Each structure stands twice: as structure tokens, then as C-alpha cells.
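Q: Hey, dropping start-v9.cif in here, mmCIF, C-alpha atoms:
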```cif
data_protein
#
loop_
_atom_site.group_PDB
_atom_site.id
_atom_site.type_symbol
_atom_site.label_atom_id
_atom_site.label_comp_id
_atom_site.auth_asym_id
_atom_site.auth_seq_id
_atom_site.Cartn_x
_atom_site.Cartn_y
_atom_site.Cartn_z
ATOM 1 C CA MET A 29 -7.564 3.758 -7.458
ATOM 2 C CA LYS A 30 -8.882 1.506 -10.203
ATOM 3 C CA LYS A 31 -6.214 -0.741 -11.631
ATOM 4 C CA GLU A 32 -6.989 0.376 -15.188
ATOM 5 C CA ARG A 33 -5.868 3.941 -14.447
ATOM 6 C CA LEU A 34 -2.560 2.741 -13.041
ATOM 7 C CA ASP A 35 -2.059 0.429 -16.025
ATOM 8 C CA ALA A 36 -2.839 3.224 -18.496
ATOM 9 C CA ILE A 37 -0.277 5.670 -17.090
ATOM 10 C CA THR A 38 2.302 2.910 -16.697
ATOM 11 C CA ASP A 39 1.807 1.751 -20.295
ATOM 12 C CA GLY A 40 2.066 5.329 -21.589
ATOM 13 C CA ILE A 41 5.251 6.153 -19.715
ATOM 14 C CA MET A 42 6.853 2.829 -20.671
ATOM 15 C CA ALA A 43 6.064 3.546 -24.337
ATOM 16 C CA VAL A 44 7.726 6.969 -24.113
ATOM 17 C CA ILE A 45 10.789 5.484 -22.376
ATOM 18 C CA SER A 46 11.166 2.840 -25.102
ATOM 19 C CA THR A 47 10.872 5.522 -27.783
ATOM 20 C CA LEU A 48 13.489 7.710 -26.101
ATOM 21 C CA MET A 49 15.907 4.783 -25.996
ATOM 22 C CA LEU A 50 15.448 4.183 -29.712
ATOM 23 C CA MET A 51 16.037 7.866 -30.499
ATOM 24 C CA ASP A 52 19.347 7.765 -28.612
ATOM 25 C CA ILE A 53 20.881 5.102 -30.836
ATOM 26 C CA LYS A 54 23.842 6.647 -32.630
ATOM 27 C CA ILE A 55 24.414 4.479 -35.666
ATOM 28 C CA PRO A 56 27.533 5.399 -37.625
ATOM 29 C CA ASN A 57 27.489 5.610 -41.404
ATOM 30 C CA LEU A 58 25.800 2.591 -42.892
ATOM 31 C CA SER A 59 28.599 0.565 -44.406
ATOM 32 C CA PHE A 60 30.135 -2.842 -44.003
ATOM 33 C CA ALA A 61 33.164 -1.260 -42.330
ATOM 34 C CA HIS A 62 30.923 0.183 -39.599
ATOM 35 C CA LEU A 63 28.977 -3.056 -39.064
ATOM 36 C CA PRO A 64 30.554 -3.853 -35.647
ATOM 37 C CA GLY A 65 29.629 -0.376 -34.357
ATOM 38 C CA ILE A 66 26.108 -0.669 -35.736
ATOM 39 C CA LEU A 67 25.627 -4.100 -34.169
ATOM 40 C CA TYR A 68 27.005 -2.843 -30.848
ATOM 41 C CA GLN A 69 24.536 0.066 -30.779
ATOM 42 C CA ILE A 70 21.621 -2.227 -31.607
ATOM 43 C CA PHE A 71 22.783 -4.765 -29.007
ATOM 44 C CA VAL A 72 22.929 -2.216 -26.174
ATOM 45 C CA TYR A 73 19.514 -0.875 -27.163
ATOM 46 C CA ALA A 74 18.058 -4.398 -27.309
ATOM 47 C CA MET A 75 19.471 -5.254 -23.869
ATOM 48 C CA SER A 76 17.860 -2.164 -22.344
ATOM 49 C CA PHE A 77 14.633 -2.620 -24.277
ATOM 50 C CA VAL A 78 14.292 -6.186 -23.006
ATOM 51 C CA THR A 79 14.857 -4.930 -19.457
ATOM 52 C CA VAL A 80 11.998 -2.441 -19.835
ATOM 53 C CA VAL A 81 9.771 -5.091 -21.408
ATOM 54 C CA ILE A 82 10.470 -7.535 -18.565
ATOM 55 C CA VAL A 83 9.470 -4.918 -15.989
ATOM 56 C CA TRP A 84 6.323 -4.119 -17.994
ATOM 57 C CA LEU A 85 5.371 -7.801 -18.348
ATOM 58 C CA ASN A 86 5.934 -8.503 -14.656
ATOM 59 C CA HIS A 87 4.049 -5.348 -13.701
ATOM 60 C CA HIS A 88 1.104 -6.449 -15.819
ATOM 61 C CA ARG A 89 1.201 -9.978 -14.400
ATOM 62 C CA ILE A 90 1.100 -8.922 -10.743
ATOM 63 C CA THR A 91 -1.664 -6.356 -11.250
ATOM 64 C CA LEU A 92 -3.745 -8.513 -13.595
ATOM 65 C CA HIS A 93 -6.211 -9.827 -11.031
ATOM 66 C CA LYS A 94 -6.353 -6.711 -8.861
ATOM 67 C CA GLU A 95 -9.359 -4.435 -9.039
ATOM 68 C CA LYS A 96 -8.051 -1.605 -6.894
ATOM 69 C CA ILE A 97 -4.566 -0.382 -6.104
ATOM 70 C CA GLY A 98 -3.766 1.364 -2.811
ATOM 71 C CA ILE A 99 -2.287 4.861 -2.780
ATOM 72 C CA ASN A 100 1.044 3.614 -1.370
ATOM 73 C CA SER A 101 1.366 1.217 -4.292
ATOM 74 C CA VAL A 102 0.522 4.037 -6.705
ATOM 75 C CA TRP A 103 3.344 6.198 -5.325
ATOM 76 C CA ILE A 104 5.786 3.288 -5.416
ATOM 77 C CA ASN A 105 4.721 2.689 -9.026
ATOM 78 C CA PHE A 106 5.514 6.306 -9.864
ATOM 79 C CA GLY A 107 8.902 5.870 -8.175
ATOM 80 C CA LEU A 108 9.431 2.804 -10.362
ATOM 81 C CA LEU A 109 8.501 4.766 -13.483
ATOM 82 C CA PHE A 110 10.815 7.583 -12.416
ATOM 83 C CA VAL A 111 13.852 5.312 -12.132
ATOM 84 C CA ILE A 112 12.925 3.469 -15.340
ATOM 85 C CA SER A 113 13.001 6.854 -17.084
ATOM 86 C CA PHE A 114 16.773 6.889 -16.455
ATOM 87 C CA ILE A 115 17.307 3.735 -18.533
ATOM 88 C CA PRO A 116 17.539 5.698 -21.829
ATOM 89 C CA ILE A 117 20.249 7.920 -20.321
ATOM 90 C CA ALA A 118 22.154 4.955 -18.892
ATOM 91 C CA THR A 119 21.783 3.125 -22.201
ATOM 92 C CA ALA A 120 23.094 6.112 -24.153
ATOM 93 C CA HIS A 121 26.186 6.337 -21.930
ATOM 94 C CA LEU A 122 26.810 2.596 -22.127
ATOM 95 C CA SER A 123 26.469 2.658 -25.908
ATOM 96 C CA GLU A 124 28.895 5.587 -26.197
ATOM 97 C CA SER A 125 31.702 3.715 -24.491
ATOM 98 C CA PHE A 126 31.446 0.150 -23.297
ATOM 99 C CA PHE A 127 34.861 0.251 -21.649
ATOM 100 C CA ASP A 128 34.166 3.283 -19.442
ATOM 101 C CA THR A 129 33.739 1.973 -15.891
ATOM 102 C CA SER A 130 31.576 4.917 -14.857
ATOM 103 C CA ASN A 131 29.063 4.037 -17.601
ATOM 104 C CA HIS A 132 28.779 0.512 -16.203
ATOM 105 C CA MET A 133 28.431 1.828 -12.680
ATOM 106 C CA PHE A 134 25.683 4.240 -13.748
ATOM 107 C CA TYR A 135 23.815 1.515 -15.645
ATOM 108 C CA GLY A 136 24.202 -0.761 -12.603
ATOM 109 C CA VAL A 137 22.822 1.903 -10.252
ATOM 110 C CA VAL A 138 19.840 2.572 -12.524
ATOM 111 C CA THR A 139 18.977 -1.100 -12.987
ATOM 112 C CA THR A 140 19.436 -1.769 -9.260
ATOM 113 C CA LEU A 141 16.984 1.018 -8.441
ATOM 114 C CA VAL A 142 14.531 -0.220 -11.079
ATOM 115 C CA VAL A 143 14.463 -3.701 -9.573
ATOM 116 C CA LEU A 144 14.392 -2.320 -6.011
ATOM 117 C CA PHE A 145 11.295 -0.234 -6.758
ATOM 118 C CA TYR A 146 9.738 -3.134 -8.653
ATOM 119 C CA ALA A 147 10.389 -5.531 -5.747
ATOM 120 C CA ILE A 148 8.826 -3.087 -3.274
ATOM 121 C CA PHE A 149 5.844 -2.581 -5.612
ATOM 122 C CA GLN A 150 5.531 -6.347 -5.963
ATOM 123 C CA GLU A 151 5.605 -6.796 -2.167
ATOM 124 C CA CYS A 152 2.851 -4.188 -1.747
ATOM 125 C CA ILE A 153 0.631 -5.670 -4.442
ATOM 126 C CA THR A 154 1.072 -9.318 -3.453
ATOM 127 C CA GLN A 155 1.470 -8.951 0.326
ATOM 128 C CA SER A 156 -1.712 -10.862 1.139
ATOM 129 C CA GLU A 157 -0.893 -13.669 -1.295
ATOM 130 C CA ASN A 158 1.285 -16.588 -0.291
ATOM 131 C CA GLU A 159 1.252 -18.945 -3.268
ATOM 132 C CA LYS A 160 4.434 -20.836 -4.098
ATOM 133 C CA ASN A 161 4.991 -19.083 -7.441
ATOM 134 C CA ILE A 162 4.436 -15.634 -5.898
ATOM 135 C CA ARG A 163 7.010 -16.368 -3.185
ATOM 136 C CA PHE A 164 9.396 -17.568 -5.918
ATOM 137 C CA ASP A 165 8.810 -14.372 -7.955
ATOM 138 C CA ARG A 166 9.565 -12.233 -4.893
ATOM 139 C CA LYS A 167 12.828 -14.126 -4.296
ATOM 140 C CA MET A 168 13.778 -13.721 -7.963
ATOM 141 C CA SER A 169 13.181 -9.966 -7.754
ATOM 142 C CA TRP A 170 15.476 -9.611 -4.746
ATOM 143 C CA LEU A 171 18.088 -11.907 -6.328
ATOM 144 C CA THR A 172 18.005 -9.829 -9.507
ATOM 145 C CA MET A 173 18.407 -6.628 -7.521
ATOM 146 C CA GLY A 174 21.381 -8.165 -5.716
ATOM 147 C CA LEU A 175 23.029 -9.102 -9.007
ATOM 148 C CA TYR A 176 22.606 -5.604 -10.414
ATOM 149 C CA LEU A 177 23.914 -4.174 -7.143
ATOM 150 C CA LEU A 178 26.984 -6.421 -7.390
ATOM 151 C CA SER A 179 27.615 -5.182 -10.933
ATOM 152 C CA ILE A 180 28.500 -1.755 -9.546
ATOM 153 C CA PRO A 181 31.630 -2.645 -7.536
ATOM 154 C CA LEU A 182 32.513 -5.538 -9.873
ATOM 155 C CA SER A 183 32.706 -3.115 -12.800
ATOM 156 C CA LEU A 184 35.730 -1.619 -11.035
ATOM 157 C CA ILE A 185 37.496 -4.952 -11.494
ATOM 158 C CA THR A 186 36.477 -5.299 -15.134
ATOM 159 C CA VAL A 187 33.553 -4.091 -17.209
ATOM 160 C CA TYR A 188 33.248 -7.574 -18.632
ATOM 161 C CA ILE A 189 31.853 -8.824 -15.298
ATOM 162 C CA SER A 190 29.232 -6.077 -15.083
ATOM 163 C CA GLY A 191 28.456 -6.536 -18.785
ATOM 164 C CA THR A 192 27.932 -10.239 -18.161
ATOM 165 C CA ILE A 193 25.541 -9.443 -15.314
ATOM 166 C CA PHE A 194 23.628 -7.026 -17.566
ATOM 167 C CA LEU A 195 23.197 -9.894 -20.044
ATOM 168 C CA PHE A 196 22.635 -12.634 -17.484
ATOM 169 C CA VAL A 197 19.711 -10.999 -15.672
ATOM 170 C CA PRO A 198 17.405 -10.811 -18.725
ATOM 171 C CA ALA A 199 18.536 -14.317 -19.732
ATOM 172 C CA LEU A 200 17.645 -15.517 -16.214
ATOM 173 C CA TYR A 201 14.135 -14.132 -16.725
ATOM 174 C CA PHE A 202 13.687 -16.175 -19.903
ATOM 175 C CA ILE A 203 15.163 -19.301 -18.325
ATOM 176 C CA GLN A 204 12.971 -19.182 -15.233
ATOM 177 C CA SER A 205 9.825 -18.082 -17.093
ATOM 178 C CA LYS A 206 9.890 -21.305 -19.128
ATOM 179 C CA LYS A 207 9.515 -23.339 -15.922
#
```
What does the file become when written as C-alpha cells?
A:
Amino acid sequence: MKKERLDAITDGIMAVISTLMLMDIKIPNLSFAHLPGILYQIFVYAMSFVTVVIVWLNHHRITLHKEKIGINSVWINFGLLFVISFIPIATAHLSESFFDTSNHMFYGVVTTLVVLFYAIFQECITQSENEKNIRFDRKMSWLTMGLYLLSIPLSLITVYISGTIFLFVPALYFIQSKK
């Protein structure tokens, strides 16, 4: 398959997912008294939005110089898009109640699956490449997946640990991308 077709469907689905997340924001009445609730809703949306954007940016970067994409990679990409489509649902639950452990566990499962599918897609696309930065990117993908996976049982201890992981992973992307 030509890379442009894969990019077009990926871009379209990512745009719909981002829109669905925005539509799920439940902002209470606009008043100074409700400001903490409003900021919380925007914060959870922003965290999820950045996660989707990071996947989209990385997806674009690893397919940039490819002309054709194999059918196995196409199916893995659709698996990736499928699990990304759960981010709006996980975001909505997390924004409804931050202190509900099951919401953290669900968000952790979704983000773990997103990074798992991305890492497999990345391995398929870059399997014949062995540059230092590509090897580093692969390690970062698996590390990120491990962190999200750890957030699931750690949320049983306290949601603050899983919440910290949900914030740390996007921050890690920005820290390492500056290098």
C-alpha cells in the first residue's frame, strides 16, 4: 500500500478521536466558584490530547521516508487506531472522577495498549533500520509501555502514582525530543 493512503486514514481517524475528546468535556457553569472544576476538565483533556498528538507525530516521523507499507503494518496500524479510539472514553471517565481507581486502571489499560500497538507498528516499519536514534526510539516506546502498564497495579495503591505516570510519560517525550 502507498504510504499516503495509510497517512490519510490515520490522520482522519486521529482528527475524529481528538474531536470526540473535546465533545466529552463537561464544564460546569462558568463562574469563578467553578474554576477548579473547569481547569480540571481542561487539564484531563489536554493530557489526553497531547498523548494522541505524540502518537500522531511519532507515527508521521517513522513513516515519513517510506514509500510503501506492508499489509501486516497496515493491520497493526488499524489495531493502533482502534485502541486510540478508546482514549476519549477513558478520558471521559478520568475527568468524571479522578479519585476512582477503576478510572485510572481503565486509562492505564488503554494507554498501555496504545503504546504496545505503536511499538509493534514501529518495529514493523523500522525493522530493517539499525540507526542509533531508531534503536533509542524503540527502547523509549517499550519503556513508555512499561510505565503505563505499571500505572495499572500502582493505581490500587494510590491514584496519585498512576496520575503522576500519566503526566510523566508525555513530559518524558518532550524532554527526550529536545536531545
Q: Need the shell around segment 135-150 of chain A: protein/DNA/RNA residues with any atom at most 9 Å away, counting all atoms listed in the file. Skip same-chain ones fewer than 6 positions apart. Format as a JSON list (two decimals) with C-alpha atoms, in the coordinates of the input?
A:
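Once everything was written out, this is around34.json:
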```json
[["chain", "number", "residue", "atom", "x", "y", "z"],
["A", 79, "THR", "CA", 14.86, -4.93, -19.46],
["A", 83, "VAL", "CA", 9.47, -4.92, -15.99],
["A", 86, "ASN", "CA", 5.93, -8.50, -14.66],
["A", 87, "HIS", "CA", 4.05, -5.35, -13.70],
["A", 90, "ILE", "CA", 1.10, -8.92, -10.74],
["A", 91, "THR", "CA", -1.66, -6.36, -11.25],
["A", 100, "ASN", "CA", 1.04, 3.61, -1.37],
["A", 101, "SER", "CA", 1.37, 1.22, -4.29],
["A", 102, "VAL", "CA", 0.52, 4.04, -6.70],
["A", 104, "ILE", "CA", 5.79, 3.29, -5.42],
["A", 105, "ASN", "CA", 4.72, 2.69, -9.03],
["A", 107, "GLY", "CA", 8.90, 5.87, -8.18],
["A", 108, "LEU", "CA", 9.43, 2.80, -10.36],
["A", 109, "LEU", "CA", 8.50, 4.77, -13.48],
["A", 110, "PHE", "CA", 10.82, 7.58, -12.42],
["A", 111, "VAL", "CA", 13.85, 5.31, -12.13],
["A", 112, "ILE", "CA", 12.92, 3.47, -15.34],
["A", 114, "PHE", "CA", 16.77, 6.89, -16.45],
["A", 115, "ILE", "CA", 17.31, 3.74, -18.53],
["A", 117, "ILE", "CA", 20.25, 7.92, -20.32],
["A", 118, "ALA", "CA", 22.15, 4.96, -18.89],
["A", 119, "THR", "CA", 21.78, 3.12, -22.20],
["A", 121, "HIS", "CA", 26.19, 6.34, -21.93],
["A", 122, "LEU", "CA", 26.81, 2.60, -22.13],
["A", 165, "ASP", "CA", 8.81, -14.37, -7.96],
["A", 166, "ARG", "CA", 9.56, -12.23, -4.89],
["A", 169, "SER", "CA", 13.18, -9.97, -7.75],
["A", 170, "TRP", "CA", 15.48, -9.61, -4.75],
["A", 172, "THR", "CA", 18.00, -9.83, -9.51],
["A", 173, "MET", "CA", 18.41, -6.63, -7.52],
["A", 174, "GLY", "CA", 21.38, -8.16, -5.72],
["A", 175, "LEU", "CA", 23.03, -9.10, -9.01],
["A", 176, "TYR", "CA", 22.61, -5.60, -10.41],
["A", 177, "LEU", "CA", 23.91, -4.17, -7.14],
["A", 178, "LEU", "CA", 26.98, -6.42, -7.39],
["A", 179, "SER", "CA", 27.62, -5.18, -10.93],
["A", 180, "ILE", "CA", 28.50, -1.76, -9.55],
["A", 183, "SER", "CA", 32.71, -3.12, -12.80],
["A", 190, "SER", "CA", 29.23, -6.08, -15.08],
["A", 194, "PHE", "CA", 23.63, -7.03, -17.57]]
```
Q: Just so the selection is clear, what residues does the PyMOL selection byres ((chain A and resi 45-54) around 9) cover here, as a PyMOL selection string?
A: chain A and resi 40-44+55-56+66+69-70+72-73+76-77+80-81+112-117+119-120+123-124
Q: What's the 9 Å shell around Gly191 of chain A, counting all atoms listed in the file, without same-chain residues fewer than 4 positions away, as a list in words?
A: Phe126, His132, Ser179, Ser183, Thr186, Val187, Leu195 and Phe196 of chain A
Q: Atom CA of Ala36 of chain A and atom CA of Ile153 of chain A, how far apart in Å?
A: 17.0 Å
Q: One number please: atom CA of Asp128 of chain A to atom CA of Leu184 of chain A, in Å, one decimal.
A: 9.9 Å
Q: Name the residues that the PyMOL selection byres ((chain A and resi 30) around 12) pulls out of this structure, and write them as a list of chain:residue names.
A: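 Selected by the PyMOL selection byres ((chain A and resi 30) around 12) in this file: A:Met29, A:Lys31, A:Glu32, A:Arg33, A:Leu34, A:Asp35, A:Ala36, A:Ile37, A:Thr91, A:Leu92, A:His93, A:Lys94, A:Glu95, A:Lys96, A:Ile97, A:Gly98, A:Ile99, A:Ser101, A:Val102.
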Q: Go ahead and find all residues with at least one atom no further than 10 Å from (12.4, -14.2, -18.1) in the file's coordinates, using only C-alpha atoms; report them as a list of chain:residue names.
A: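 Checked against the point, the hits come out as A:Val78, A:Thr79, A:Ile82, A:Val83, A:Leu85, A:Asn86, A:Val197, A:Pro198, A:Ala199, A:Leu200, A:Tyr201, A:Phe202, A:Ile203, A:Gln204, A:Ser205, A:Lys206, A:Lys207.
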Q: Set up a box along x, y and z of the file covering all listed atoms of segment 50-69 of chain A, add 3 Å on every one of the six sides, and write the centre and edge lengths in Å to one decimal, as lines of an AutoDock Vina configuration file.
A:
```
center_x = 24.3
center_y = 1.9
center_z = -36.5
size_x = 23.7
size_y = 18.0
size_z = 21.8
```
Q: Find the residue from A:Tyr68, A:Ser59, A:Leu182, A:Asp39 that sits nearest to Met133 of chain A; use only C-alpha atoms when measuring.
A: A:Leu182
Q: What separation in Å, quoted to one decimal, exists between atom CA of Thr192 of chain A and atom CA of Lys167 of chain A?
A: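 It comes out at 20.9 Å.
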